[in-house]
Amino acid sequence: MVNIILCCSSGMSTSILSKRTKLAADQQSISLHIEAVDSTLVERKLVQAELILLGPHLKYKLEILRNLAPLSTRIEMIDKAIYQSFDGNQLLKFILSLDLKTKKEIEKSTKEESEEKGWTNQSPFKSYFTPEMLEALRWKR
């Protein structure tokens with residue numbers, strides 16, 4: 001199951017949009033967990049989600065959140081037309097077009113890639129990674 005967070009200023013618009021998207025996903029037997037939050041809470045949710053979608057008016061937060069988020073969290077903007085129309089079907093199509101992976105799939109592929117490249121837990125670059133990045137890479141300390 002993919003965890004998705006929709007974010008707007010107060011969480012009201014994205015609450016409606018998340019309910020409609022969840023309904024569209026249920027009708028197509030697609031398993032999603034969608035939650036709406038306001039812009040003050042989104043930073044606390046960065047580690048929990050595979051995808052965070054921001055309302056068009058929060059474009060100024062896009063790069064800030066991308067810099068704060070772990071590698072396993074993707075952050076994108078909601079299209080203005082979808083946001084204004086509260087079209088859950090169109091948002092679901094957009095989400096599916098992103099070809100998301102769950103955190104477990106990301107961790108597995110990252111671990112396999114690290115092993116292929118011969119990276120070990122004793123890397124001299126380990127100190128440059130944030131705790132969230134280390135968690136995403138599943139390095140043992």
# chains A, B, ... in the order shown; residues from 1 in each chain; ligands from 1
call {"tool": "closest_atom_pairs", "arguments": {"of": "region 65-92 of chain A", "to": "region 30-47 of chain A", "cutoff": "9 Å", "atoms": "only C-alpha atoms", "output": "tab-separated table"}}
result
residue	atom	partner	partner_atom	distance
A:Leu65	CA	A:Glu43	CA	7.2
A:Leu68	CA	A:Leu46	CA	7.8
A:Ala69	CA	A:Leu46	CA	5.5
A:Pro70	CA	A:Val47	CA	6.4
A:Ser72	CA	A:Val47	CA	8.1
A:Thr73	CA	A:Leu46	CA	6.8
